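Next up, data-v2.cif (mmCIF, C-alpha atoms and all ligand atoms):
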data_protein
#
loop_
_atom_site.label_atom_id
_atom_site.label_comp_id
_atom_site.auth_asym_id
_atom_site.auth_seq_id
_atom_site.Cartn_x
_atom_site.Cartn_y
_atom_site.Cartn_z
CA MET Y 121 -11.34 -3.69 0.89
CA LYS Y 122 -11.70 -6.11 -2.00
CA VAL Y 123 -8.31 -7.70 -2.39
CA LEU Y 124 -7.19 -9.93 -5.23
CA SER Y 125 -3.88 -11.21 -6.52
CA GLY Y 126 -2.46 -14.01 -8.64
CA ILE Y 127 0.83 -15.83 -8.87
CA GLN Y 128 2.16 -17.99 -11.70
CA PRO Y 129 3.01 -21.64 -11.03
CA THR Y 130 6.08 -21.58 -13.26
CA GLY Y 131 8.46 -23.00 -10.64
CA ARG Y 132 8.92 -22.99 -6.88
CA PHE Y 133 8.22 -19.68 -5.16
CA HIS Y 134 11.21 -17.59 -4.16
CA TRP Y 135 11.97 -14.80 -1.73
CA GLY Y 136 11.00 -12.19 -4.35
CA ASN Y 137 7.52 -13.69 -4.59
CA TYR Y 138 7.30 -13.90 -0.83
CA PHE Y 139 8.30 -10.36 0.13
CA GLY Y 140 6.90 -8.71 -3.00
CA ALA Y 141 3.53 -10.42 -2.84
CA ILE Y 142 2.78 -13.45 -0.64
CA ARG Y 143 3.52 -11.69 2.65
CA GLN Y 144 0.99 -9.02 1.66
CA TYR Y 145 -1.56 -11.70 0.72
CA ILE Y 146 -1.27 -13.01 4.26
CA ALA Y 147 -1.44 -9.57 5.86
CA LEU Y 148 -4.55 -8.70 3.83
CA GLN Y 149 -6.52 -11.83 4.72
CA GLY Y 150 -9.87 -11.40 6.40
CA ASN Y 151 -10.90 -8.39 4.33
CA GLU Y 152 -14.34 -8.06 2.75
CA GLN Y 153 -12.72 -9.95 -0.14
CA SER Y 154 -9.35 -11.70 0.00
CA PHE Y 155 -9.04 -13.66 -3.23
CA TYR Y 156 -5.77 -15.29 -4.28
CA PHE Y 157 -5.30 -17.55 -7.23
CA ILE Y 158 -2.73 -19.70 -8.93
CA ALA Y 159 -2.40 -18.31 -12.46
CA ASP Y 160 -2.18 -21.57 -14.42
CA LEU Y 161 -3.64 -20.01 -17.59
CA HIS Y 162 -0.92 -17.38 -17.57
CA ALA Y 163 1.72 -20.06 -16.96
CA LEU Y 164 0.71 -21.74 -20.23
CA THR Y 165 2.33 -18.85 -22.11
CA THR Y 166 5.74 -20.19 -21.04
CA LEU Y 167 5.31 -23.69 -19.61
CA ARG Y 168 4.38 -26.46 -22.06
CA ASN Y 169 4.95 -29.56 -19.99
CA PRO Y 170 1.58 -30.83 -18.66
CA ALA Y 171 3.01 -32.99 -15.86
CA GLU Y 172 5.23 -30.16 -14.68
CA LEU Y 173 2.34 -27.71 -14.74
CA ARG Y 174 0.16 -30.02 -12.62
CA GLN Y 175 2.99 -30.57 -10.15
CA ASN Y 176 3.71 -26.83 -9.95
CA VAL Y 177 0.06 -25.98 -9.28
CA SER Y 178 -0.09 -28.50 -6.47
CA ASP Y 179 3.21 -27.23 -5.00
CA ALA Y 180 2.00 -23.64 -5.30
CA ALA Y 181 -1.16 -24.36 -3.33
CA MET Y 182 0.77 -26.21 -0.62
CA ASP Y 183 3.36 -23.46 -0.40
CA LEU Y 184 0.75 -20.73 -0.01
CA LEU Y 185 -1.10 -22.62 2.71
CA ALA Y 186 2.15 -23.50 4.49
CA LEU Y 187 3.25 -19.86 4.39
CA GLY Y 188 0.08 -18.77 6.14
CA LEU Y 189 -2.92 -18.41 3.85
CA GLU Y 190 -5.93 -19.51 5.87
CA PRO Y 191 -8.92 -20.84 3.89
CA GLU Y 192 -11.30 -19.46 6.53
CA ARG Y 193 -10.02 -15.92 6.00
CA SER Y 194 -9.14 -15.99 2.32
CA THR Y 195 -10.19 -17.70 -0.88
CA LEU Y 196 -7.52 -19.68 -2.70
CA PHE Y 197 -8.30 -21.09 -6.14
CA ARG Y 198 -6.95 -22.11 -9.52
CA GLN Y 199 -7.45 -19.48 -12.22
CA SER Y 200 -8.62 -22.09 -14.75
CA ASP Y 201 -11.40 -23.26 -12.41
CA VAL Y 202 -13.25 -20.03 -13.15
CA PRO Y 203 -13.92 -20.28 -16.90
CA GLU Y 204 -15.82 -16.96 -16.87
CA VAL Y 205 -12.46 -15.25 -16.75
CA THR Y 206 -11.66 -16.35 -20.31
CA GLU Y 207 -15.05 -15.07 -21.46
CA LEU Y 208 -14.39 -11.69 -19.89
CA THR Y 209 -10.93 -11.68 -21.50
CA TRP Y 210 -12.56 -11.85 -24.92
CA LEU Y 211 -15.07 -9.14 -24.11
CA LEU Y 212 -12.24 -6.89 -22.94
CA MET Y 213 -10.04 -7.81 -25.87
CA THR Y 214 -12.64 -6.31 -28.24
CA ILE Y 215 -12.06 -2.88 -26.73
CA THR Y 216 -8.34 -3.05 -25.80
CA GLN Y 217 -6.19 -0.84 -27.97
CA MET Y 218 -3.14 -2.47 -29.52
CA HIS Y 219 -0.75 0.26 -28.42
CA LEU Y 220 -1.49 -0.52 -24.76
CA LEU Y 221 -0.27 -4.10 -25.24
CA GLU Y 222 2.62 -3.22 -27.53
CA LYS Y 223 4.32 -1.26 -24.76
CA CYS Y 224 4.09 -4.06 -22.15
CA HIS Y 225 7.49 -5.35 -20.96
CA ALA Y 226 7.16 -9.10 -21.43
CA TYR Y 227 6.14 -8.73 -25.06
CA LYS Y 228 8.47 -5.83 -25.80
CA ASP Y 229 11.50 -7.65 -24.35
CA LYS Y 230 10.87 -10.78 -26.40
CA LYS Y 231 10.43 -8.75 -29.53
CA ALA Y 232 13.60 -6.76 -28.84
CA ASN Y 233 15.51 -10.04 -28.48
CA GLY Y 234 14.21 -11.26 -31.82
CA ILE Y 235 12.06 -13.99 -30.23
CA ALA Y 236 8.68 -14.60 -31.84
CA ALA Y 237 5.87 -13.96 -29.35
CA ASP Y 238 2.63 -15.93 -29.26
CA ALA Y 239 -0.75 -14.21 -29.20
CA GLY Y 240 -1.07 -15.52 -25.62
CA LEU Y 241 1.96 -13.57 -24.49
CA PHE Y 242 0.84 -10.47 -26.35
CA THR Y 243 -2.64 -10.53 -24.81
CA TYR Y 244 -1.41 -11.69 -21.38
CA PRO Y 245 -2.25 -8.29 -19.80
CA VAL Y 246 -5.87 -8.56 -20.96
CA LEU Y 247 -6.28 -11.89 -19.16
CA MET Y 248 -4.73 -10.23 -16.13
CA ALA Y 249 -7.16 -7.33 -16.41
CA ALA Y 250 -10.03 -9.83 -16.55
CA ASP Y 251 -8.62 -11.61 -13.45
CA ILE Y 252 -8.83 -8.38 -11.51
CA LEU Y 253 -12.00 -6.81 -12.92
CA ILE Y 254 -14.09 -9.98 -12.71
CA TYR Y 255 -14.15 -9.80 -8.90
CA ASP Y 256 -14.70 -6.03 -8.63
CA SER Y 257 -11.31 -5.91 -6.90
CA ASP Y 258 -10.08 -2.57 -5.60
CA THR Y 259 -6.71 -3.57 -4.11
CA VAL Y 260 -4.09 -5.69 -5.88
CA PRO Y 261 -0.98 -6.57 -3.83
CA VAL Y 262 1.99 -7.06 -6.21
CA GLY Y 263 5.69 -6.34 -6.65
CA ALA Y 264 6.89 -3.40 -8.74
CA ASP Y 265 7.19 -5.46 -11.94
CA GLN Y 266 3.39 -5.81 -12.10
CA ILE Y 267 2.50 -2.13 -11.74
CA GLN Y 268 2.42 -1.63 -15.50
CA HIS Y 269 -0.14 -4.42 -15.80
CA ILE Y 270 -2.39 -2.81 -13.22
CA GLU Y 271 -2.17 0.43 -15.17
CA VAL Y 272 -3.25 -1.41 -18.31
CA THR Y 273 -6.12 -2.91 -16.31
CA ARG Y 274 -7.26 0.57 -15.30
CA ASP Y 275 -6.98 1.82 -18.89
CA VAL Y 276 -9.01 -1.13 -20.19
CA ALA Y 277 -11.70 -0.68 -17.52
CA GLN Y 278 -11.86 3.03 -18.20
CA ARG Y 279 -12.29 2.51 -21.93
CA PHE Y 280 -15.00 -0.09 -21.35
CA ASN Y 281 -16.82 2.30 -19.03
CA SER Y 282 -16.55 5.18 -21.48
CA LEU Y 283 -17.98 3.04 -24.29
CA TYR Y 284 -20.71 1.23 -22.36
CA GLY Y 285 -21.32 3.21 -19.18
CA GLU Y 286 -20.01 2.65 -15.64
CA THR Y 287 -19.65 -1.12 -15.36
CA LEU Y 288 -16.15 -1.94 -14.13
CA LEU Y 289 -14.39 -0.84 -10.99
CA LEU Y 290 -10.90 0.68 -11.32
CA PRO Y 291 -8.38 -1.17 -9.09
CA ASN Y 292 -5.24 0.11 -7.38
CA ALA Y 293 -1.90 -1.65 -7.05
CA PHE Y 294 -0.83 -2.23 -3.45
CA VAL Y 295 2.96 -2.08 -3.43
CA LEU Y 296 5.23 -1.91 -0.40
CA ASP Y 297 8.27 0.24 -1.20
CA ALA Y 298 10.58 -1.78 1.01
CA SER Y 299 9.96 -5.03 -0.85
CA ALA Y 300 8.78 -3.92 -4.29
CA LYS Y 301 11.96 -5.16 -5.97
CA VAL Y 302 13.77 -7.89 -4.07
CA PRO Y 303 17.31 -8.35 -5.46
CA GLY Y 304 18.59 -11.72 -6.64
CA THR Y 305 21.80 -13.59 -5.79
CA ASP Y 306 23.59 -11.87 -8.69
CA GLY Y 307 23.44 -8.72 -6.61
CA ASP Y 308 21.95 -6.24 -9.04
CA ARG Y 309 18.88 -7.53 -10.87
CA LYS Y 310 15.50 -8.31 -9.32
CA MET Y 311 15.13 -11.89 -8.13
CA SER Y 312 13.52 -13.80 -10.97
CA LYS Y 313 13.43 -17.31 -12.39
CA SER Y 314 14.32 -15.87 -15.79
CA TYR Y 315 17.61 -14.52 -14.41
CA ASN Y 316 18.44 -17.74 -12.60
CA ASN Y 317 19.22 -15.77 -9.44
CA THR Y 318 16.49 -16.94 -7.07
CA ILE Y 319 16.48 -18.26 -3.53
CA PRO Y 320 13.51 -20.64 -3.34
CA ILE Y 321 11.56 -20.49 -0.09
CA PHE Y 322 11.24 -24.23 0.48
CA GLU Y 323 14.81 -25.23 -0.09
CA SER Y 324 16.91 -27.71 1.91
CA PRO Y 325 19.01 -25.94 4.57
CA LYS Y 326 22.16 -27.09 2.81
CA ARG Y 327 21.17 -25.71 -0.57
CA LEU Y 328 19.79 -22.56 1.01
CA ARG Y 329 23.10 -21.94 2.69
CA LYS Y 330 24.94 -22.48 -0.57
CA LEU Y 331 22.72 -20.01 -2.42
CA ILE Y 332 23.08 -17.38 0.28
CA MET Y 333 26.85 -17.84 0.37
CA SER Y 334 26.94 -17.43 -3.43
CA THR Y 335 25.21 -14.03 -3.32
CA LYS Y 336 27.39 -11.49 -5.07
CA THR Y 337 29.04 -8.72 -3.05
CA ASP Y 338 31.78 -6.23 -3.85
CA SER Y 339 35.42 -7.24 -3.40
CA LYS Y 340 36.21 -5.28 -0.23
CA SER Y 341 38.44 -7.07 2.24
CA LEU Y 342 37.58 -8.00 5.81
CA GLU Y 343 39.04 -4.82 7.35
CA ASP Y 344 37.36 -2.42 4.92
CA GLU Y 345 34.36 -0.31 5.86
CA LYS Y 346 31.35 -1.48 3.90
CA ASP Y 347 28.15 0.11 2.65
CA PRO Y 348 24.99 -1.74 3.70
CA ASP Y 349 22.84 0.40 1.39
CA THR Y 350 24.42 -0.96 -1.79
CA CYS Y 351 24.78 -4.58 -0.67
CA ALA Y 352 22.29 -7.24 -1.83
CA VAL Y 353 23.01 -9.40 1.24
CA PHE Y 354 22.01 -6.53 3.49
CA SER Y 355 18.93 -5.73 1.36
CA LEU Y 356 17.77 -9.32 1.84
CA TYR Y 357 18.65 -9.31 5.54
CA ARG Y 358 16.51 -6.19 6.06
CA LEU Y 359 13.43 -7.98 4.78
CA PHE Y 360 13.63 -10.55 7.57
CA ALA Y 361 15.20 -8.64 10.43
CA THR Y 362 13.77 -6.39 13.14
CA LEU Y 363 14.74 -2.73 13.05
CA GLU Y 364 17.17 -3.31 15.90
CA GLN Y 365 18.84 -6.21 14.10
CA GLN Y 366 19.10 -4.10 10.94
CA GLN Y 367 20.73 -1.23 12.78
CA GLU Y 368 23.16 -3.55 14.49
CA LEU Y 369 24.30 -5.22 11.28
CA ALA Y 370 24.45 -1.88 9.42
CA ALA Y 371 26.75 -0.53 12.13
CA ARG Y 372 29.04 -3.55 11.76
CA TYR Y 373 29.18 -3.00 7.97
CA ARG Y 374 30.20 0.62 8.46
CA ALA Y 375 32.76 -0.12 11.19
CA GLY Y 376 34.84 -2.50 9.05
CA GLY Y 377 36.39 -5.69 10.44
CA MET Y 378 33.48 -7.85 9.36
CA GLY Y 379 33.65 -10.06 6.27
CA TYR Y 380 30.69 -10.68 3.98
CA GLY Y 381 30.67 -14.31 5.10
CA GLU Y 382 29.46 -13.20 8.51
CA ALA Y 383 26.66 -11.08 7.03
CA LYS Y 384 25.61 -14.04 4.91
CA GLN Y 385 25.54 -16.30 7.95
CA ALA Y 386 23.33 -13.73 9.71
CA LEU Y 387 21.02 -13.74 6.69
CA TYR Y 388 20.85 -17.54 6.72
CA ASP Y 389 19.98 -17.54 10.44
CA VAL Y 390 17.13 -14.99 10.18
CA ALA Y 391 15.73 -16.74 7.10
CA MET Y 392 15.77 -20.17 8.73
CA SER Y 393 14.00 -18.91 11.80
CA HIS Y 394 11.49 -16.87 9.77
CA PHE Y 395 10.37 -19.87 7.73
CA ALA Y 396 10.67 -22.57 10.45
CA ASP Y 397 6.91 -22.81 11.07
CA ALA Y 398 6.14 -22.77 7.35
CA PHE Y 399 8.55 -25.68 6.80
CA ASP Y 400 6.71 -27.67 9.50
CA ARG Y 401 3.30 -26.86 8.07
CA ARG Y 402 4.44 -27.81 4.59
CA GLN Y 403 5.57 -31.21 5.77
CA LYS Y 404 2.18 -31.85 7.34
CA LEU Y 405 0.35 -30.74 4.19
CA GLU Y 406 2.44 -33.08 2.04
CA ALA Y 407 0.92 -35.93 3.99
CA SER Y 408 -2.63 -34.83 3.17
CA PRO Y 409 -2.85 -33.59 -0.43
CA ASP Y 410 -6.65 -34.11 -0.37
CA ILE Y 411 -7.04 -31.22 2.06
CA VAL Y 412 -5.25 -28.95 -0.40
CA GLU Y 413 -7.44 -30.06 -3.30
CA ASP Y 414 -10.57 -29.44 -1.19
CA VAL Y 415 -9.39 -25.92 -0.39
CA LEU Y 416 -8.93 -25.19 -4.11
CA LYS Y 417 -12.34 -26.58 -5.02
CA GLU Y 418 -14.14 -24.64 -2.33
CA GLY Y 419 -12.17 -21.53 -3.33
CA ALA Y 420 -13.22 -21.92 -6.97
CA ARG Y 421 -16.86 -22.29 -5.93
CA ARG Y 422 -16.77 -19.02 -4.01
CA ALA Y 423 -14.79 -17.13 -6.66
CA ARG Y 424 -16.97 -18.39 -9.48
CA ALA Y 425 -20.16 -17.19 -7.86
CA ARG Y 426 -18.71 -13.67 -7.75
CA ALA Y 427 -17.31 -13.89 -11.29
CA GLN Y 428 -20.66 -14.97 -12.73
CA GLU Y 429 -22.37 -11.88 -11.35
CA VAL Y 430 -19.80 -9.51 -12.81
CA VAL Y 431 -19.71 -11.23 -16.21
CA GLU Y 432 -23.50 -10.98 -16.44
CA ARG Y 433 -23.20 -7.26 -15.76
CA VAL Y 434 -20.57 -6.89 -18.49
CA ARG Y 435 -22.54 -9.01 -21.01
CA SER Y 436 -25.60 -6.94 -20.44
CA ALA Y 437 -23.65 -3.66 -20.73
CA CYS Y 438 -22.32 -4.57 -24.16
CA GLY Y 439 -25.59 -5.90 -25.53
CA LEU Y 440 -25.31 -9.65 -25.10
CA LEU Y 441 -28.35 -11.41 -23.75
CA ALA Y 442 -28.39 -12.90 -20.28
CA ARG Y 443 -27.19 -16.49 -20.46
CA PRO Y 444 -30.07 -18.97 -20.35
CA VAL Y 445 -29.98 -21.04 -17.15
P1 LIG S 1 4.55 -13.60 -10.99
O1 LIG S 1 4.02 -14.99 -10.91
O2 LIG S 1 5.70 -13.33 -11.89
O3 LIG S 1 4.97 -13.11 -9.56
C1 LIG S 1 4.09 -13.22 -8.45
C2 LIG S 1 4.24 -12.01 -7.55
O4 LIG S 1 5.58 -11.93 -7.05
C3 LIG S 1 6.08 -10.61 -7.28
N1 LIG S 1 7.55 -10.68 -7.49
C4 LIG S 1 8.42 -9.85 -6.91
N2 LIG S 1 8.26 -8.83 -6.05
C5 LIG S 1 9.37 -8.17 -5.62
N3 LIG S 1 10.63 -8.52 -6.01
C6 LIG S 1 10.86 -9.54 -6.86
N4 LIG S 1 12.10 -9.87 -7.21
C7 LIG S 1 9.72 -10.25 -7.37
N5 LIG S 1 9.56 -11.30 -8.22
C8 LIG S 1 8.22 -11.54 -8.29
C9 LIG S 1 5.35 -10.13 -8.53
O5 LIG S 1 5.36 -8.73 -8.63
C10 LIG S 1 3.97 -10.71 -8.31
O6 LIG S 1 3.18 -9.86 -7.50
N6 LIG S 1 1.21 -11.48 -14.00
C11 LIG S 1 1.45 -11.89 -12.64
C12 LIG S 1 0.44 -12.92 -12.14
C13 LIG S 1 -0.97 -12.48 -12.26
C14 LIG S 1 -1.63 -11.49 -11.47
C15 LIG S 1 -2.97 -11.44 -11.95
C16 LIG S 1 -1.19 -10.67 -10.42
C17 LIG S 1 -1.88 -12.96 -13.15
N7 LIG S 1 -3.08 -12.33 -12.97
C18 LIG S 1 -3.88 -10.56 -11.39
C19 LIG S 1 -2.13 -9.78 -9.86
C20 LIG S 1 -3.46 -9.74 -10.35
C21 LIG S 1 2.83 -12.51 -12.58
O7 LIG S 1 3.35 -12.96 -13.56
O8 LIG S 1 3.34 -12.60 -11.33
#

Go ahead and express the file in the form of structure tokens.
Amino acid sequence: MKVLSGIQPTGRFHWGNYFGAIRQYIALQGNEQSFYFIADLHALTTLRNPAELRQNVSDAAMDLLALGLEPERSTLFRQSDVPEVTELTWLLMTITQMHLLEKCHAYKDKKANGIAADAGLFTYPVLMAADILIYDSDTVPVGADQIQHIEVTRDVAQRFNSLYGETLLLPNAFVLDASAKVPGTDGDRKMSKSYNNTIPIFESPKRLRKLIMSTKTDSKSLEDEKDPDTCAVFSLYRLFATLEQQQELAARYRAGGMGYGEAKQALYDVAMSHFADAFDRRQKLEASPDIVEDVLKEGARRARARAQEVVERVRSACGLLARPV
């Protein structure tokens, strides 16, 4: 399996990122290809503070390593360290039909809200297609919100192949139903920085507790029977808990006599224990930022070698000469 995925360094990672994507990155390490990158070029479409971007990229790398990415079994790199990806973006842009991009959510939503979009936001999915196609990736672990982009990637690859002959490999999204759309603390929308409803992974226990306690529930009283299937607290609890723990808490919901405060405390406890080792590892990494930088550099070296091969293939397919060495 040739696995690849990317994540934007637009803020600290949250539980949606973790269950929707990062946990799968970790599970899919050690494959023929396990490439993961920090999408700093994509982040530039929304983040225009250079110091913040640098800090976020460094935090992102530390977070991913602390959560369990192992440089011996996977390749972690910065998107912008592989400049070939911007070259492939242009080559793909020349054959990408406008209507494919016009229907993409990020652009469509901005337009619907009367906000002017930059060309970078409009062509964002083409850069994403290049990210995937440049490593001949076949498996792309993501949350549900990225499925549309993978479809665009397939459409772009297919059109390139039909114009120039079989050159690009069509990838598949790898989405786990159970965690494809992690709810936020507002109880109904997906967890997302843009909705201000996130629970960051590396948060102080005090703040974590506060966020969990603030998660919206319905207004049933302590005695009432409750429905675990429509409750965001329970949806989050399920992601951490064993099947037995899930069944136990679900039964208490249905029996009545349990307040939401208790369910939230149970969520806090499973989350704290789930991330305990990652918190320790993160503290150690903070003391040695050079190690993190070395991992990113070595990752870029490996990724770039692969990208150069594929870009040469694409250049040749569309009639450009091989680049002089
Ligand atoms: P980004 O940075 O918004 O999110 C990173 C990953 O986290 C997943 N995710 C969620 N999954 C479930 N529930 C949620 N509430 C939730 N919130 C976020 C996202 O689905 C994603 O998998 N365009 C991409 C980054 C990217 C990329 C790529 C991904 C750039 N190039 C190539 C795959 C392949 C993005 O903005 O993800």

List as JSON lines every residue of chain Y that is in contact with ligand LIG 1 (chain S), defined as an atom at most 6 Å from one of its atoms (using only C-alpha atoms and all ligand atoms), together with the nearest atom pair and the distance in Å rounded to one decimal, sorted by chain and then rising number.
{"residue": "Y:Ser125", "atom": "CA", "partner": "S:LIG1", "partner_atom": "C19", "distance": 4.0}
{"residue": "Y:Gly126", "atom": "CA", "partner": "S:LIG1", "partner_atom": "C14", "distance": 3.9}
{"residue": "Y:Ile127", "atom": "CA", "partner": "S:LIG1", "partner_atom": "O1", "distance": 3.9}
{"residue": "Y:Gln128", "atom": "CA", "partner": "S:LIG1", "partner_atom": "O1", "distance": 3.6}
{"residue": "Y:Gly136", "atom": "CA", "partner": "S:LIG1", "partner_atom": "C6", "distance": 3.7}
{"residue": "Y:Asn137", "atom": "CA", "partner": "S:LIG1", "partner_atom": "O4", "distance": 3.6}
{"residue": "Y:Gly140", "atom": "CA", "partner": "S:LIG1", "partner_atom": "N2", "distance": 3.3}
{"residue": "Y:Ala141", "atom": "CA", "partner": "S:LIG1", "partner_atom": "O6", "distance": 4.7}
{"residue": "Y:Ala159", "atom": "CA", "partner": "S:LIG1", "partner_atom": "C17", "distance": 5.4}
{"residue": "Y:Met248", "atom": "CA", "partner": "S:LIG1", "partner_atom": "N7", "distance": 4.1}
{"residue": "Y:Asp251", "atom": "CA", "partner": "S:LIG1", "partner_atom": "C18", "distance": 5.3}
{"residue": "Y:Ile252", "atom": "CA", "partner": "S:LIG1", "partner_atom": "C18", "distance": 5.4}
{"residue": "Y:Val262", "atom": "CA", "partner": "S:LIG1", "partner_atom": "O6", "distance": 3.3}
{"residue": "Y:Gly263", "atom": "CA", "partner": "S:LIG1", "partner_atom": "O5", "distance": 3.1}
{"residue": "Y:Ala264", "atom": "CA", "partner": "S:LIG1", "partner_atom": "O5", "distance": 5.5}
{"residue": "Y:Asp265", "atom": "CA", "partner": "S:LIG1", "partner_atom": "O5", "distance": 5.0}
{"residue": "Y:Gln266", "atom": "CA", "partner": "S:LIG1", "partner_atom": "O5", "distance": 4.9}
{"residue": "Y:Ser299", "atom": "CA", "partner": "S:LIG1", "partner_atom": "C5", "distance": 5.7}
{"residue": "Y:Ala300", "atom": "CA", "partner": "S:LIG1", "partner_atom": "C5", "distance": 4.5}
{"residue": "Y:Lys301", "atom": "CA", "partner": "S:LIG1", "partner_atom": "N3", "distance": 3.6}
{"residue": "Y:Val302", "atom": "CA", "partner": "S:LIG1", "partner_atom": "N3", "distance": 3.7}
{"residue": "Y:Pro303", "atom": "CA", "partner": "S:LIG1", "partner_atom": "N4", "distance": 5.7}
{"residue": "Y:Lys310", "atom": "CA", "partner": "S:LIG1", "partner_atom": "N4", "distance": 4.3}
{"residue": "Y:Met311", "atom": "CA", "partner": "S:LIG1", "partner_atom": "N4", "distance": 3.8}
{"residue": "Y:Ser312", "atom": "CA", "partner": "S:LIG1", "partner_atom": "N5", "distance": 5.4}

### Query
atom CA of Y:Asp201 and atom CA of Y:Val445 are how many Å apart?
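Straight-line distance from atom CA of Y:Asp201 to atom CA of Y:Val445 works out to 19.3 Å.
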
### Message
Here's a test: counting all atoms listed in the file, identify every protein, DNA and RNA residue with an atom at most 12 Å from (20.8, -11.6, -6.6) in the file's coordinate frame, and state them as a VMD selection string.
### Response
chain Y and resid 134 to 136 301 to 313 315 to 319 331 to 337 351 to 356

### Task
For stretch 202-219 of chain Y, list every protein, DNA or RNA residue within 7 Å, evaluated using only C-alpha atoms, and leave out those in the same chain fewer than 3 positions away; present the list as a VMD selection string.
chain Y and resid 199 222 to 223 246 to 247 250 to 251 254 276 280 420 424 427 to 428 431

### Task
Would you work out the distance separating atom CA of Y:Pro261 from atom CA of Y:Ala147, expressed in Å to one decimal?
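According to the coordinates, atom CA of Y:Pro261 and atom CA of Y:Ala147 are separated by 10.2 Å.
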
### Query
Rounded to one decimal in Å, what is the spacing between atom CA of Y:Gly379 and atom CA of Y:His394?
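If I compute the distance from atom CA of Y:Gly379 to atom CA of Y:His394, I get 23.4 Å.
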
### Query
Between Y:Pro444, Y:Glu271, Y:Phe139, Y:Leu416, which one has atoms that come closest to Y:Tyr357, using all atoms listed in the file?
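Using all atoms listed in the file, Y:Tyr357 sits closest to Y:Phe139.
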
### Message
Let me make sure I understand: among Y:Leu441, Y:Met182, Y:Leu124, Y:Val272, which one has the smallest atom-to-atom distance to Y:Ala407 if we use all atoms listed in the file?
### Response
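Using all atoms listed in the file, the shortest distance to Y:Ala407 belongs to Y:Met182.
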
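The point (-1.6, -18.9, -17.1) has these residues within 10 Å of it, counting only C-alpha atoms: Gly126, Ile127, Gln128, Pro129, Thr130, Ile158, Ala159, Asp160, Leu161, His162, Ala163, Leu164, Thr165, Thr166, Leu167, Leu173, Arg198, Gln199, Ser200, Gly240, Leu241, Tyr244, Leu247 and Met248 of chain Y.
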
Create the file for the chosen residues now, containing C-alpha atoms and written as a compact mmCIF listing (two decimals), in the coordinates of the input.
# COMPACT_ATOMS: atom_id res chain seq x y z
CA GLY Y 126 -2.46 -14.01 -8.64
CA ILE Y 127 0.83 -15.83 -8.87
CA GLN Y 128 2.16 -17.99 -11.70
CA PRO Y 129 3.01 -21.64 -11.03
CA THR Y 130 6.08 -21.58 -13.26
CA ILE Y 158 -2.73 -19.70 -8.93
CA ALA Y 159 -2.40 -18.31 -12.46
CA ASP Y 160 -2.18 -21.57 -14.42
CA LEU Y 161 -3.64 -20.01 -17.59
CA HIS Y 162 -0.92 -17.38 -17.57
CA ALA Y 163 1.72 -20.06 -16.96
CA LEU Y 164 0.71 -21.74 -20.23
CA THR Y 165 2.33 -18.85 -22.11
CA THR Y 166 5.74 -20.19 -21.04
CA LEU Y 167 5.31 -23.69 -19.61
CA LEU Y 173 2.34 -27.71 -14.74
CA ARG Y 198 -6.95 -22.11 -9.52
CA GLN Y 199 -7.45 -19.48 -12.22
CA SER Y 200 -8.62 -22.09 -14.75
CA GLY Y 240 -1.07 -15.52 -25.62
CA LEU Y 241 1.96 -13.57 -24.49
CA TYR Y 244 -1.41 -11.69 -21.38
CA LEU Y 247 -6.28 -11.89 -19.16
CA MET Y 248 -4.73 -10.23 -16.13

### Message
Please determine, counting all atoms listed in the file, which residue among Y:Ala423, Y:Met378, Y:Ala396, Y:Ala442 has the shortest atom-to-atom distance to Y:Ser341.
### Response
Y:Met378

### Query
Near stretch 225-230 of chain Y, counting all atoms listed in the file, which residues have an atom at most 9 Å away, once you skip same-chain residues fewer than 5 positions from it, shown as a list in words?
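Non-adjacent residues within range: Ile235, Ala236, Ala237, Leu241, Phe242, Thr243, Tyr244 and Gln268 of chain Y.
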
### Query
Looking at all atoms listed in the file, which of Y:Glu418, Y:Asp275, Y:Asp183, Y:Asp297 is the one that sits closest to Y:Glu323?
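When distances to Y:Glu323 are compared using all atoms listed in the file, the smallest one comes from Y:Asp183.
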
### Task
Fewer than 6 positions away in the same chain doesn't count, so skip those; otherwise give me all residues within 10 Å of Y:Gly285, counting all atoms listed in the file, as a list of chain:residue names.
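Surrounding residues, per the criterion: Y:Gln278, Y:Arg279, Y:Ala437, Y:Cys438.
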
Prev. selection, C-alpha atoms, output as a PDB file, in the coordinates of the input:
ATOM      1  CA  GLN Y 278     -11.860   3.030 -18.200  1.00  0.00           C
ATOM      2  CA  ARG Y 279     -12.290   2.510 -21.930  1.00  0.00           C
ATOM      3  CA  ALA Y 437     -23.650  -3.660 -20.730  1.00  0.00           C
ATOM      4  CA  CYS Y 438     -22.320  -4.570 -24.160  1.00  0.00           C
TER       5      CYS Y 438
END

### Task
Rank nothing, just name the residue among Y:Ser314, Y:Thr259, Y:Ser324, Y:Asn233 nearest to Y:Phe155, using all atoms listed in the file.
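So, comparing all the options, the nearest one is Y:Thr259.
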
### Summary
Among Y:Asp397, Y:Arg433, Y:Asp344, Y:Leu187, Y:Arg143 is approached most closely, using all atoms listed in the file, by Y:Leu187
